[in-house]
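With compact mmCIF, N, CA and C atoms inside, this is final-v9.txt:
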```txt
# COMPACT_ATOMS: atom_id res chain seq x y z
N MET C 1 92.02 95.55 87.68
CA MET C 1 92.56 95.81 89.00
C MET C 1 91.74 96.86 89.71
N ASN C 2 90.62 96.45 90.25
CA ASN C 2 89.75 97.36 90.98
C ASN C 2 89.88 97.14 92.48
N GLU C 3 91.10 96.94 92.93
CA GLU C 3 91.34 96.76 94.36
C GLU C 3 91.41 98.11 95.04
N PRO C 4 90.82 98.24 96.23
CA PRO C 4 90.88 99.52 96.93
C PRO C 4 92.29 99.82 97.42
N GLN C 5 92.80 100.99 97.07
CA GLN C 5 94.12 101.46 97.51
C GLN C 5 93.90 102.43 98.67
N VAL C 6 94.72 102.30 99.70
CA VAL C 6 94.58 103.17 100.87
C VAL C 6 95.94 103.76 101.26
N THR C 7 95.87 104.86 101.97
CA THR C 7 97.04 105.44 102.61
C THR C 7 96.71 105.57 104.09
N LEU C 8 97.55 105.00 104.93
CA LEU C 8 97.39 105.09 106.38
C LEU C 8 98.44 106.04 106.91
N ILE C 9 98.03 106.95 107.78
CA ILE C 9 98.95 107.83 108.48
C ILE C 9 98.69 107.59 109.96
N GLY C 10 99.66 106.98 110.63
CA GLY C 10 99.47 106.62 112.03
C GLY C 10 100.78 106.34 112.71
N TRP C 11 100.79 105.31 113.56
CA TRP C 11 101.99 104.97 114.29
C TRP C 11 102.09 103.45 114.39
N VAL C 12 103.31 102.97 114.60
CA VAL C 12 103.53 101.55 114.78
C VAL C 12 102.98 101.17 116.15
N ALA C 13 102.01 100.26 116.17
CA ALA C 13 101.32 99.92 117.41
C ALA C 13 101.94 98.73 118.14
N ALA C 14 102.74 97.93 117.45
CA ALA C 14 103.41 96.78 118.06
C ALA C 14 104.71 96.52 117.30
N GLU C 15 105.66 95.89 117.97
CA GLU C 15 106.93 95.59 117.31
C GLU C 15 106.67 94.74 116.07
N PRO C 16 107.32 95.08 114.95
CA PRO C 16 107.13 94.31 113.71
C PRO C 16 107.61 92.85 113.88
N TYR C 17 106.95 91.97 113.14
CA TYR C 17 107.30 90.55 113.13
C TYR C 17 107.90 90.21 111.77
N PHE C 18 109.14 89.73 111.75
CA PHE C 18 109.84 89.40 110.50
C PHE C 18 110.14 87.91 110.46
N THR C 19 109.94 87.31 109.29
CA THR C 19 110.30 85.91 109.09
C THR C 19 110.60 85.69 107.61
N VAL C 20 111.12 84.54 107.31
CA VAL C 20 111.32 84.12 105.92
C VAL C 20 110.44 82.90 105.73
N THR C 21 109.61 82.92 104.69
CA THR C 21 108.68 81.81 104.45
C THR C 21 109.45 80.56 104.03
N GLY C 22 108.74 79.45 104.00
CA GLY C 22 109.33 78.20 103.56
C GLY C 22 109.84 78.26 102.13
N ASN C 23 109.27 79.16 101.32
CA ASN C 23 109.70 79.35 99.93
C ASN C 23 110.88 80.31 99.83
N GLY C 24 111.35 80.83 100.97
CA GLY C 24 112.50 81.72 100.96
C GLY C 24 112.16 83.19 100.75
N HIS C 25 110.87 83.56 100.86
CA HIS C 25 110.47 84.95 100.67
C HIS C 25 110.41 85.68 102.01
N PRO C 26 111.10 86.81 102.13
CA PRO C 26 111.00 87.61 103.35
C PRO C 26 109.57 88.15 103.54
N PHE C 27 109.10 88.12 104.78
CA PHE C 27 107.76 88.60 105.13
C PHE C 27 107.84 89.36 106.43
N LEU C 28 107.19 90.54 106.49
CA LEU C 28 107.15 91.33 107.71
C LEU C 28 105.72 91.79 107.92
N SER C 29 105.27 91.67 109.15
CA SER C 29 103.92 92.12 109.52
C SER C 29 104.04 93.11 110.66
N LEU C 30 103.28 94.19 110.58
CA LEU C 30 103.25 95.14 111.69
C LEU C 30 101.85 95.69 111.87
N ARG C 31 101.55 96.09 113.09
CA ARG C 31 100.26 96.69 113.40
C ARG C 31 100.44 98.20 113.35
N VAL C 32 99.49 98.86 112.68
CA VAL C 32 99.51 100.32 112.59
C VAL C 32 98.21 100.84 113.18
N GLY C 33 98.33 101.78 114.11
CA GLY C 33 97.16 102.43 114.70
C GLY C 33 96.92 103.77 114.02
N VAL C 34 95.65 104.06 113.76
CA VAL C 34 95.26 105.32 113.12
C VAL C 34 94.13 105.93 113.94
N THR C 35 94.34 107.17 114.39
CA THR C 35 93.30 107.87 115.16
C THR C 35 92.87 109.10 114.38
N PRO C 36 91.65 109.10 113.83
CA PRO C 36 91.19 110.28 113.10
C PRO C 36 90.98 111.46 114.05
N ARG C 37 91.26 112.66 113.55
CA ARG C 37 91.06 113.88 114.34
C ARG C 37 90.14 114.81 113.57
N ARG C 38 89.22 115.42 114.29
CA ARG C 38 88.29 116.36 113.69
C ARG C 38 88.28 117.64 114.51
N LEU C 39 88.16 118.77 113.81
CA LEU C 39 88.06 120.06 114.49
C LEU C 39 86.61 120.30 114.88
N ASP C 40 86.37 120.48 116.16
CA ASP C 40 85.04 120.84 116.65
C ASP C 40 84.89 122.34 116.46
N ARG C 41 84.09 122.74 115.50
CA ARG C 41 83.97 124.16 115.17
C ARG C 41 83.34 124.99 116.29
N GLN C 42 82.55 124.35 117.13
CA GLN C 42 81.93 125.09 118.24
C GLN C 42 82.96 125.46 119.31
N THR C 43 83.86 124.53 119.62
CA THR C 43 84.83 124.80 120.68
C THR C 43 86.19 125.24 120.13
N GLY C 44 86.44 124.96 118.84
CA GLY C 44 87.73 125.28 118.26
C GLY C 44 88.82 124.30 118.66
N GLN C 45 88.44 123.20 119.30
CA GLN C 45 89.39 122.20 119.78
C GLN C 45 89.39 120.97 118.88
N TRP C 46 90.53 120.31 118.79
CA TRP C 46 90.63 119.06 118.05
C TRP C 46 90.10 117.92 118.91
N GLN C 47 89.30 117.05 118.31
CA GLN C 47 88.75 115.90 119.00
C GLN C 47 89.26 114.62 118.34
N ASP C 48 89.75 113.69 119.14
CA ASP C 48 90.20 112.41 118.62
C ASP C 48 89.00 111.48 118.44
N GLY C 49 88.99 110.78 117.30
CA GLY C 49 87.97 109.78 117.04
C GLY C 49 88.41 108.44 117.60
N GLU C 50 87.69 107.39 117.23
CA GLU C 50 88.02 106.05 117.70
C GLU C 50 89.23 105.51 116.93
N THR C 51 90.20 104.99 117.65
CA THR C 51 91.41 104.45 117.03
C THR C 51 91.09 103.16 116.30
N MET C 52 91.62 103.04 115.07
CA MET C 52 91.49 101.82 114.28
C MET C 52 92.87 101.20 114.14
N PHE C 53 92.92 99.88 114.14
CA PHE C 53 94.18 99.17 113.99
C PHE C 53 94.15 98.33 112.74
N PHE C 54 95.24 98.36 111.99
CA PHE C 54 95.38 97.62 110.75
C PHE C 54 96.61 96.73 110.83
N THR C 55 96.51 95.56 110.25
CA THR C 55 97.67 94.71 110.06
C THR C 55 98.26 95.05 108.70
N VAL C 56 99.54 95.39 108.67
CA VAL C 56 100.22 95.74 107.43
C VAL C 56 101.20 94.62 107.09
N ASN C 57 101.02 94.02 105.91
CA ASN C 57 101.87 92.92 105.46
C ASN C 57 102.82 93.41 104.38
N CYS C 58 104.10 93.12 104.56
CA CYS C 58 105.15 93.51 103.61
C CYS C 58 105.84 92.24 103.12
N TRP C 59 106.15 92.20 101.84
CA TRP C 59 106.78 91.04 101.24
C TRP C 59 108.09 91.42 100.56
N ARG C 60 108.96 90.45 100.43
CA ARG C 60 110.20 90.50 99.65
C ARG C 60 111.08 91.69 100.02
N ASN C 61 111.47 92.52 99.04
CA ASN C 61 112.40 93.62 99.31
C ASN C 61 111.84 94.61 100.32
N LEU C 62 110.54 94.89 100.23
CA LEU C 62 109.94 95.82 101.19
C LEU C 62 110.07 95.26 102.60
N ALA C 63 109.81 93.98 102.79
CA ALA C 63 109.95 93.36 104.12
C ALA C 63 111.38 93.48 104.62
N ASP C 64 112.35 93.18 103.76
CA ASP C 64 113.76 93.32 104.14
C ASP C 64 114.10 94.75 104.54
N ASN C 65 113.66 95.71 103.73
CA ASN C 65 113.99 97.12 103.99
C ASN C 65 113.33 97.64 105.25
N VAL C 66 112.06 97.28 105.49
CA VAL C 66 111.39 97.72 106.72
C VAL C 66 112.07 97.09 107.93
N ASN C 67 112.42 95.82 107.82
CA ASN C 67 113.10 95.13 108.92
C ASN C 67 114.45 95.79 109.23
N THR C 68 115.22 96.09 108.22
CA THR C 68 116.53 96.70 108.41
C THR C 68 116.41 98.14 108.93
N SER C 69 115.31 98.81 108.59
CA SER C 69 115.10 100.19 109.04
C SER C 69 114.72 100.27 110.50
N GLU C 70 114.46 99.15 111.13
CA GLU C 70 114.20 99.08 112.56
C GLU C 70 113.04 99.97 113.01
N PHE C 71 111.89 99.78 112.40
CA PHE C 71 110.69 100.49 112.86
C PHE C 71 110.37 100.00 114.27
N LYS C 72 110.07 100.93 115.15
CA LYS C 72 109.79 100.61 116.55
C LYS C 72 108.38 101.05 116.93
N ARG C 73 107.87 100.42 117.96
CA ARG C 73 106.55 100.76 118.48
C ARG C 73 106.52 102.25 118.83
N GLY C 74 105.46 102.93 118.42
CA GLY C 74 105.28 104.34 118.73
C GLY C 74 105.77 105.29 117.65
N GLN C 75 106.56 104.79 116.68
CA GLN C 75 107.07 105.67 115.63
C GLN C 75 105.98 106.00 114.62
N PRO C 76 105.95 107.26 114.14
CA PRO C 76 104.95 107.65 113.14
C PRO C 76 105.29 107.08 111.77
N VAL C 77 104.28 106.56 111.08
CA VAL C 77 104.49 105.94 109.77
C VAL C 77 103.42 106.36 108.77
N ILE C 78 103.78 106.21 107.50
CA ILE C 78 102.83 106.35 106.39
C ILE C 78 102.93 105.06 105.59
N VAL C 79 101.78 104.47 105.30
CA VAL C 79 101.71 103.20 104.57
C VAL C 79 100.76 103.36 103.40
N THR C 80 101.13 102.87 102.23
CA THR C 80 100.18 102.78 101.12
C THR C 80 100.11 101.33 100.69
N GLY C 81 98.94 100.93 100.20
CA GLY C 81 98.80 99.55 99.74
C GLY C 81 97.36 99.19 99.44
N ARG C 82 97.15 97.90 99.26
CA ARG C 82 95.83 97.36 98.91
C ARG C 82 95.10 96.94 100.18
N LEU C 83 93.89 97.44 100.36
CA LEU C 83 93.08 97.12 101.52
C LEU C 83 92.40 95.77 101.32
N ARG C 84 92.44 94.94 102.36
CA ARG C 84 91.73 93.67 102.37
C ARG C 84 90.98 93.57 103.70
N VAL C 85 89.69 93.31 103.61
CA VAL C 85 88.88 93.12 104.82
C VAL C 85 88.51 91.65 104.87
N ARG C 86 88.90 91.00 105.96
CA ARG C 86 88.65 89.58 106.11
C ARG C 86 87.58 89.37 107.18
N GLN C 87 86.71 88.41 106.92
CA GLN C 87 85.67 88.06 107.88
C GLN C 87 85.99 86.67 108.41
N TYR C 88 85.87 86.50 109.73
CA TYR C 88 86.12 85.20 110.34
C TYR C 88 85.22 85.02 111.55
N GLU C 89 85.09 83.77 111.98
CA GLU C 89 84.23 83.47 113.12
C GLU C 89 85.09 83.08 114.31
N ARG C 90 84.79 83.65 115.47
CA ARG C 90 85.48 83.30 116.72
C ARG C 90 84.45 83.29 117.84
N ASP C 91 84.44 82.21 118.58
CA ASP C 91 83.51 82.05 119.70
C ASP C 91 82.06 82.26 119.28
N GLY C 92 81.73 81.81 118.07
CA GLY C 92 80.36 81.92 117.59
C GLY C 92 79.97 83.29 117.08
N ASN C 93 80.91 84.23 117.07
CA ASN C 93 80.63 85.59 116.59
C ASN C 93 81.43 85.87 115.33
N TRP C 94 80.83 86.60 114.40
CA TRP C 94 81.54 87.02 113.19
C TRP C 94 82.34 88.27 113.50
N ARG C 95 83.58 88.27 113.05
CA ARG C 95 84.48 89.41 113.26
C ARG C 95 85.09 89.82 111.93
N PHE C 96 85.64 91.03 111.92
CA PHE C 96 86.29 91.55 110.72
C PHE C 96 87.70 91.98 111.06
N SER C 97 88.59 91.82 110.11
CA SER C 97 89.98 92.23 110.27
C SER C 97 90.38 93.03 109.03
N ALA C 98 90.94 94.21 109.25
CA ALA C 98 91.39 95.04 108.13
C ALA C 98 92.90 94.87 107.97
N GLU C 99 93.31 94.48 106.77
CA GLU C 99 94.73 94.29 106.46
C GLU C 99 95.09 95.11 105.25
N VAL C 100 96.35 95.51 105.20
CA VAL C 100 96.88 96.25 104.05
C VAL C 100 98.08 95.48 103.52
N ASP C 101 98.03 95.11 102.24
CA ASP C 101 99.21 94.55 101.57
C ASP C 101 100.02 95.75 101.10
N ALA C 102 101.08 96.05 101.82
CA ALA C 102 101.82 97.29 101.62
C ALA C 102 102.56 97.33 100.29
N VAL C 103 102.53 98.51 99.68
CA VAL C 103 103.34 98.82 98.51
C VAL C 103 104.51 99.70 98.95
N THR C 104 104.23 100.64 99.87
CA THR C 104 105.28 101.50 100.43
C THR C 104 105.05 101.67 101.93
N VAL C 105 106.15 101.81 102.66
CA VAL C 105 106.12 102.07 104.10
C VAL C 105 107.25 103.05 104.38
N GLY C 106 106.96 104.07 105.17
CA GLY C 106 108.02 105.01 105.54
C GLY C 106 107.67 105.75 106.81
N HIS C 107 108.68 106.38 107.39
CA HIS C 107 108.44 107.23 108.55
C HIS C 107 107.72 108.49 108.10
N ASP C 108 106.84 109.02 108.95
CA ASP C 108 106.13 110.26 108.68
C ASP C 108 107.07 111.41 109.03
N LEU C 109 107.61 112.06 108.00
CA LEU C 109 108.63 113.09 108.21
C LEU C 109 108.06 114.43 108.65
N THR C 110 106.73 114.53 108.83
CA THR C 110 106.19 115.72 109.46
C THR C 110 106.42 115.67 110.97
N ARG C 111 106.82 114.50 111.47
CA ARG C 111 107.00 114.32 112.91
C ARG C 111 108.43 114.00 113.31
N GLY C 112 109.34 114.03 112.35
CA GLY C 112 110.73 113.72 112.67
C GLY C 112 111.57 113.69 111.42
N THR C 113 112.82 113.27 111.57
CA THR C 113 113.74 113.22 110.44
C THR C 113 114.18 111.78 110.23
N ALA C 114 114.79 111.53 109.08
CA ALA C 114 115.28 110.19 108.77
C ALA C 114 116.57 110.29 107.98
N HIS C 115 117.32 109.24 108.01
CA HIS C 115 118.53 109.13 107.19
C HIS C 115 118.25 108.02 106.18
N PHE C 116 118.19 108.37 104.90
CA PHE C 116 117.87 107.40 103.86
C PHE C 116 119.15 106.83 103.28
N ARG C 117 119.18 105.54 103.12
CA ARG C 117 120.32 104.87 102.52
C ARG C 117 119.80 103.89 101.48
N PRO C 118 120.02 104.16 100.18
CA PRO C 118 119.54 103.23 99.15
C PRO C 118 120.31 101.92 99.19
N VAL C 119 119.63 100.85 98.82
CA VAL C 119 120.26 99.54 98.73
C VAL C 119 120.35 99.14 97.27
N GLN C 120 121.22 98.19 96.99
CA GLN C 120 121.34 97.69 95.63
C GLN C 120 120.08 96.91 95.28
N ARG C 121 119.76 96.84 93.99
CA ARG C 121 118.59 96.07 93.56
C ARG C 121 118.71 94.64 94.04
N GLY C 122 117.57 94.03 94.32
CA GLY C 122 117.55 92.67 94.83
C GLY C 122 117.47 92.68 96.34
N ALA C 123 117.49 91.53 96.92
CA ALA C 123 117.36 91.40 98.37
C ALA C 123 118.62 91.92 99.06
N LEU C 124 118.44 92.39 100.28
CA LEU C 124 119.57 92.83 101.08
C LEU C 124 120.46 91.64 101.42
N ASN C 125 121.75 91.86 101.36
CA ASN C 125 122.65 90.81 101.82
C ASN C 125 123.10 91.16 103.23
N GLU C 126 123.85 90.26 103.86
CA GLU C 126 124.27 90.49 105.24
C GLU C 126 125.11 91.75 105.40
N GLU C 127 125.96 92.05 104.42
CA GLU C 127 126.79 93.25 104.49
C GLU C 127 125.93 94.51 104.50
N ASP C 128 124.87 94.55 103.63
CA ASP C 128 123.96 95.69 103.62
C ASP C 128 123.27 95.84 104.98
N ARG C 129 122.84 94.73 105.56
CA ARG C 129 122.15 94.78 106.86
C ARG C 129 123.09 95.35 107.94
N ARG C 130 124.34 94.87 107.97
CA ARG C 130 125.29 95.36 108.98
C ARG C 130 125.57 96.85 108.80
N GLU C 131 125.75 97.29 107.55
CA GLU C 131 126.01 98.71 107.28
C GLU C 131 124.83 99.57 107.70
N ALA C 132 123.63 99.13 107.39
CA ALA C 132 122.44 99.91 107.72
C ALA C 132 122.24 100.03 109.22
N GLN C 133 122.66 99.02 109.96
CA GLN C 133 122.48 99.04 111.42
C GLN C 133 123.62 99.76 112.12
N ALA C 134 124.69 100.07 111.41
CA ALA C 134 125.83 100.76 112.02
C ALA C 134 125.56 102.23 112.22
```
Encoded form (structure tokens):
Amino acid sequence: MNEPQVTLIGWVAAEPYFTVTGNGHPFLSLRVGVTPRRLDRQTGQWQDGETMFFTVNCWRNLADNVNTSEFKRGQPVIVTGRLRVRQYERDGNWRFSAEVDAVTVGHDLTRGTAHFRPVQRGALNEEDRREAQA
């Protein structure tokens, strides 16, 4: 298992997309924006680098939990997972897409607070979803 593991610290760049596959597996995809910051030692000011966007894919219980947690565009997040870089051709040009198969997703608590509610093992049922949204 020599897959590259990454941690992203950024924000939700678009509303998450949730679905259930034909095999009955919950799946959630969200875009995460990451803007690196560097201290310019000459001026003493922080400088923003070029923003990078990643597609974060969540499966099964993680997809259910992220969906129920109602992540919204603009919220700060921390994501860990396996990095995958895909190459594809569009309009005669080669392009690259960076994706993360998420292992964990959470709000960045250096920028706010959260209320954590554990769920029972296994997939969320409708009662758990209603309680979490209340």
Within chain C, find each residue whose DSSP state, derived from the backbone, is strand (DSSP E or B), and express the selection as a tab-separated table (two decimals) with N, CA and C atoms, in the coordinates of the input.
```tsv
chain	number	residue	atom	x	y	z
C	5	GLN	N	92.80	100.99	97.07
C	5	GLN	CA	94.12	101.46	97.51
C	5	GLN	C	93.90	102.43	98.67
C	6	VAL	N	94.72	102.30	99.70
C	6	VAL	CA	94.58	103.17	100.87
C	6	VAL	C	95.94	103.76	101.26
C	7	THR	N	95.87	104.86	101.97
C	7	THR	CA	97.04	105.44	102.61
C	7	THR	C	96.71	105.57	104.09
C	8	LEU	N	97.55	105.00	104.93
C	8	LEU	CA	97.39	105.09	106.38
C	8	LEU	C	98.44	106.04	106.91
C	9	ILE	N	98.03	106.95	107.78
C	9	ILE	CA	98.95	107.83	108.48
C	9	ILE	C	98.69	107.59	109.96
C	10	GLY	N	99.66	106.98	110.63
C	10	GLY	CA	99.47	106.62	112.03
C	10	GLY	C	100.78	106.34	112.71
C	11	TRP	N	100.79	105.31	113.56
C	11	TRP	CA	101.99	104.97	114.29
C	11	TRP	C	102.09	103.45	114.39
C	12	VAL	N	103.31	102.97	114.60
C	12	VAL	CA	103.53	101.55	114.78
C	12	VAL	C	102.98	101.17	116.15
C	17	TYR	N	106.95	91.97	113.14
C	17	TYR	CA	107.30	90.55	113.13
C	17	TYR	C	107.90	90.21	111.77
C	18	PHE	N	109.14	89.73	111.75
C	18	PHE	CA	109.84	89.40	110.50
C	18	PHE	C	110.14	87.91	110.46
C	19	THR	N	109.94	87.31	109.29
C	19	THR	CA	110.30	85.91	109.09
C	19	THR	C	110.60	85.69	107.61
C	20	VAL	N	111.12	84.54	107.31
C	20	VAL	CA	111.32	84.12	105.92
C	20	VAL	C	110.44	82.90	105.73
C	26	PRO	N	111.10	86.81	102.13
C	26	PRO	CA	111.00	87.61	103.35
C	26	PRO	C	109.57	88.15	103.54
C	27	PHE	N	109.10	88.12	104.78
C	27	PHE	CA	107.76	88.60	105.13
C	27	PHE	C	107.84	89.36	106.43
C	28	LEU	N	107.19	90.54	106.49
C	28	LEU	CA	107.15	91.33	107.71
C	28	LEU	C	105.72	91.79	107.92
C	29	SER	N	105.27	91.67	109.15
C	29	SER	CA	103.92	92.12	109.52
C	29	SER	C	104.04	93.11	110.66
C	30	LEU	N	103.28	94.19	110.58
C	30	LEU	CA	103.25	95.14	111.69
C	30	LEU	C	101.85	95.69	111.87
C	31	ARG	N	101.55	96.09	113.09
C	31	ARG	CA	100.26	96.69	113.40
C	31	ARG	C	100.44	98.20	113.35
C	32	VAL	N	99.49	98.86	112.68
C	32	VAL	CA	99.51	100.32	112.59
C	32	VAL	C	98.21	100.84	113.18
C	33	GLY	N	98.33	101.78	114.11
C	33	GLY	CA	97.16	102.43	114.70
C	33	GLY	C	96.92	103.77	114.02
C	34	VAL	N	95.65	104.06	113.76
C	34	VAL	CA	95.26	105.32	113.12
C	34	VAL	C	94.13	105.93	113.94
C	37	ARG	N	91.26	112.66	113.55
C	37	ARG	CA	91.06	113.88	114.34
C	37	ARG	C	90.14	114.81	113.57
C	38	ARG	N	89.22	115.42	114.29
C	38	ARG	CA	88.29	116.36	113.69
C	38	ARG	C	88.28	117.64	114.51
C	39	LEU	N	88.16	118.77	113.81
C	39	LEU	CA	88.06	120.06	114.49
C	39	LEU	C	86.61	120.30	114.88
C	40	ASP	N	86.37	120.48	116.16
C	40	ASP	CA	85.04	120.84	116.65
C	40	ASP	C	84.89	122.34	116.46
C	45	GLN	N	88.44	123.20	119.30
C	45	GLN	CA	89.39	122.20	119.78
C	45	GLN	C	89.39	120.97	118.88
C	46	TRP	N	90.53	120.31	118.79
C	46	TRP	CA	90.63	119.06	118.05
C	46	TRP	C	90.10	117.92	118.91
C	47	GLN	N	89.30	117.05	118.31
C	47	GLN	CA	88.75	115.90	119.00
C	47	GLN	C	89.26	114.62	118.34
C	48	ASP	N	89.75	113.69	119.14
C	48	ASP	CA	90.20	112.41	118.62
C	48	ASP	C	89.00	111.48	118.44
C	52	MET	N	91.62	103.04	115.07
C	52	MET	CA	91.49	101.82	114.28
C	52	MET	C	92.87	101.20	114.14
C	53	PHE	N	92.92	99.88	114.14
C	53	PHE	CA	94.18	99.17	113.99
C	53	PHE	C	94.15	98.33	112.74
C	54	PHE	N	95.24	98.36	111.99
C	54	PHE	CA	95.38	97.62	110.75
C	54	PHE	C	96.61	96.73	110.83
C	55	THR	N	96.51	95.56	110.25
C	55	THR	CA	97.67	94.71	110.06
C	55	THR	C	98.26	95.05	108.70
C	56	VAL	N	99.54	95.39	108.67
C	56	VAL	CA	100.22	95.74	107.43
C	56	VAL	C	101.20	94.62	107.09
C	57	ASN	N	101.02	94.02	105.91
C	57	ASN	CA	101.87	92.92	105.46
C	57	ASN	C	102.82	93.41	104.38
C	58	CYS	N	104.10	93.12	104.56
C	58	CYS	CA	105.15	93.51	103.61
C	58	CYS	C	105.84	92.24	103.12
C	59	TRP	N	106.15	92.20	101.84
C	59	TRP	CA	106.78	91.04	101.24
C	59	TRP	C	108.09	91.42	100.56
C	76	PRO	N	105.95	107.26	114.14
C	76	PRO	CA	104.95	107.65	113.14
C	76	PRO	C	105.29	107.08	111.77
C	77	VAL	N	104.28	106.56	111.08
C	77	VAL	CA	104.49	105.94	109.77
C	77	VAL	C	103.42	106.36	108.77
C	78	ILE	N	103.78	106.21	107.50
C	78	ILE	CA	102.83	106.35	106.39
C	78	ILE	C	102.93	105.06	105.59
C	79	VAL	N	101.78	104.47	105.30
C	79	VAL	CA	101.71	103.20	104.57
C	79	VAL	C	100.76	103.36	103.40
C	80	THR	N	101.13	102.87	102.23
C	80	THR	CA	100.18	102.78	101.12
C	80	THR	C	100.11	101.33	100.69
C	81	GLY	N	98.94	100.93	100.20
C	81	GLY	CA	98.80	99.55	99.74
C	81	GLY	C	97.36	99.19	99.44
C	82	ARG	N	97.15	97.90	99.26
C	82	ARG	CA	95.83	97.36	98.91
C	82	ARG	C	95.10	96.94	100.18
C	83	LEU	N	93.89	97.44	100.36
C	83	LEU	CA	93.08	97.12	101.52
C	83	LEU	C	92.40	95.77	101.32
C	84	ARG	N	92.44	94.94	102.36
C	84	ARG	CA	91.73	93.67	102.37
C	84	ARG	C	90.98	93.57	103.70
C	85	VAL	N	89.69	93.31	103.61
C	85	VAL	CA	88.88	93.12	104.82
C	85	VAL	C	88.51	91.65	104.87
C	86	ARG	N	88.90	91.00	105.96
C	86	ARG	CA	88.65	89.58	106.11
C	86	ARG	C	87.58	89.37	107.18
C	87	GLN	N	86.71	88.41	106.92
C	87	GLN	CA	85.67	88.06	107.88
C	87	GLN	C	85.99	86.67	108.41
C	88	TYR	N	85.87	86.50	109.73
C	88	TYR	CA	86.12	85.20	110.34
C	88	TYR	C	85.22	85.02	111.55
C	89	GLU	N	85.09	83.77	111.98
C	89	GLU	CA	84.23	83.47	113.12
C	89	GLU	C	85.09	83.08	114.31
C	90	ARG	N	84.79	83.65	115.47
C	90	ARG	CA	85.48	83.30	116.72
C	90	ARG	C	84.45	83.29	117.84
C	93	ASN	N	80.91	84.23	117.07
C	93	ASN	CA	80.63	85.59	116.59
C	93	ASN	C	81.43	85.87	115.33
C	94	TRP	N	80.83	86.60	114.40
C	94	TRP	CA	81.54	87.02	113.19
C	94	TRP	C	82.34	88.27	113.50
C	95	ARG	N	83.58	88.27	113.05
C	95	ARG	CA	84.48	89.41	113.26
C	95	ARG	C	85.09	89.82	111.93
C	96	PHE	N	85.64	91.03	111.92
C	96	PHE	CA	86.29	91.55	110.72
C	96	PHE	C	87.70	91.98	111.06
C	97	SER	N	88.59	91.82	110.11
C	97	SER	CA	89.98	92.23	110.27
C	97	SER	C	90.38	93.03	109.03
C	98	ALA	N	90.94	94.21	109.25
C	98	ALA	CA	91.39	95.04	108.13
C	98	ALA	C	92.90	94.87	107.97
C	99	GLU	N	93.31	94.48	106.77
C	99	GLU	CA	94.73	94.29	106.46
C	99	GLU	C	95.09	95.11	105.25
C	100	VAL	N	96.35	95.51	105.20
C	100	VAL	CA	96.88	96.25	104.05
C	100	VAL	C	98.08	95.48	103.52
C	101	ASP	N	98.03	95.11	102.24
C	101	ASP	CA	99.21	94.55	101.57
C	101	ASP	C	100.02	95.75	101.10
C	102	ALA	N	101.08	96.05	101.82
C	102	ALA	CA	101.82	97.29	101.62
C	102	ALA	C	102.56	97.33	100.29
C	103	VAL	N	102.53	98.51	99.68
C	103	VAL	CA	103.34	98.82	98.51
C	103	VAL	C	104.51	99.70	98.95
C	104	THR	N	104.23	100.64	99.87
C	104	THR	CA	105.28	101.50	100.43
C	104	THR	C	105.05	101.67	101.93
C	105	VAL	N	106.15	101.81	102.66
C	105	VAL	CA	106.12	102.07	104.10
C	105	VAL	C	107.25	103.05	104.38
C	106	GLY	N	106.96	104.07	105.17
C	106	GLY	CA	108.02	105.01	105.54
C	106	GLY	C	107.67	105.75	106.81
C	107	HIS	N	108.68	106.38	107.39
C	107	HIS	CA	108.44	107.23	108.55
C	107	HIS	C	107.72	108.49	108.10
```
For region 87-97 of chain C, work out the shell of residues within 12 Å, counting only C-alpha atoms and skipping chain neighbours fewer than 5 positions away, then give it as a PyMOL selection string. chain C and resi 31+52-56
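The two atoms in question, CA of Glu15 (chain C) and atom C of Arg86 (chain C), are spaced 22.7 Å apart.
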For Val79 (chain C), which residue out of C:Val105, C:Glu99, C:Gly24, C:Val66 is the nearest one, using all atoms listed in the file?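 Of all the options, C:Val105 lies closest to Val79 (chain C).
CA of Arg111 (chain C) sits 19.4 Å away from atom C of Asn65 (chain C).
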Please compute the atom N of Phe116 (chain C)-CA of Thr68 (chain C) distance, one decimal, in Å. 12.3 Å
Best match for closeness to Gly10 (chain C) among C:Arg41, C:Pro76, C:Leu30, C:Pro118, counting only N, CA and C atoms: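 The answer is C:Pro76, which sits nearest to Gly10 (chain C).
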Near-Glu3 (chain C) list (8 Å; all atoms listed in the file; drop same-chain fewer than 6 positions) as a PDB file with N, CA and C atoms, in the frame of the given file:
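As a result, out14.pdb now contains:
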```
ATOM      1  N   GLY C  81      98.940 100.930 100.200  1.00  0.00           N
ATOM      2  CA  GLY C  81      98.800  99.550  99.740  1.00  0.00           C
ATOM      3  C   GLY C  81      97.360  99.190  99.440  1.00  0.00           C
ATOM      4  N   ARG C  82      97.150  97.900  99.260  1.00  0.00           N
ATOM      5  CA  ARG C  82      95.830  97.360  98.910  1.00  0.00           C
ATOM      6  C   ARG C  82      95.100  96.940 100.180  1.00  0.00           C
ATOM      7  N   LEU C  83      93.890  97.440 100.360  1.00  0.00           N
ATOM      8  CA  LEU C  83      93.080  97.120 101.520  1.00  0.00           C
ATOM      9  C   LEU C  83      92.400  95.770 101.320  1.00  0.00           C
TER      10      LEU C  83
END
```
Excluding region 18-23 of chain C and its own-chain neighbours fewer than 6 positions away, which residues fall within 8 Å of it when counting all atoms listed in the file? Please give them as a VMD selection string. chain C and resid 29 to 30 63 67
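Closest approach to Thr35 (chain C) among C:Val85, C:Ile9, C:Leu62, C:Val119 is made by C:Ile9 (distances from only N, CA and C atoms).
Of all the residues in region 35-114 of chain C, the ones DSSP labels as alpha helix (DSSP H) from the backbone are Arg60, Asn61, Leu62, Ala63, Asp64, Asn65, Val66, Asn67 and Thr68 of chain C.
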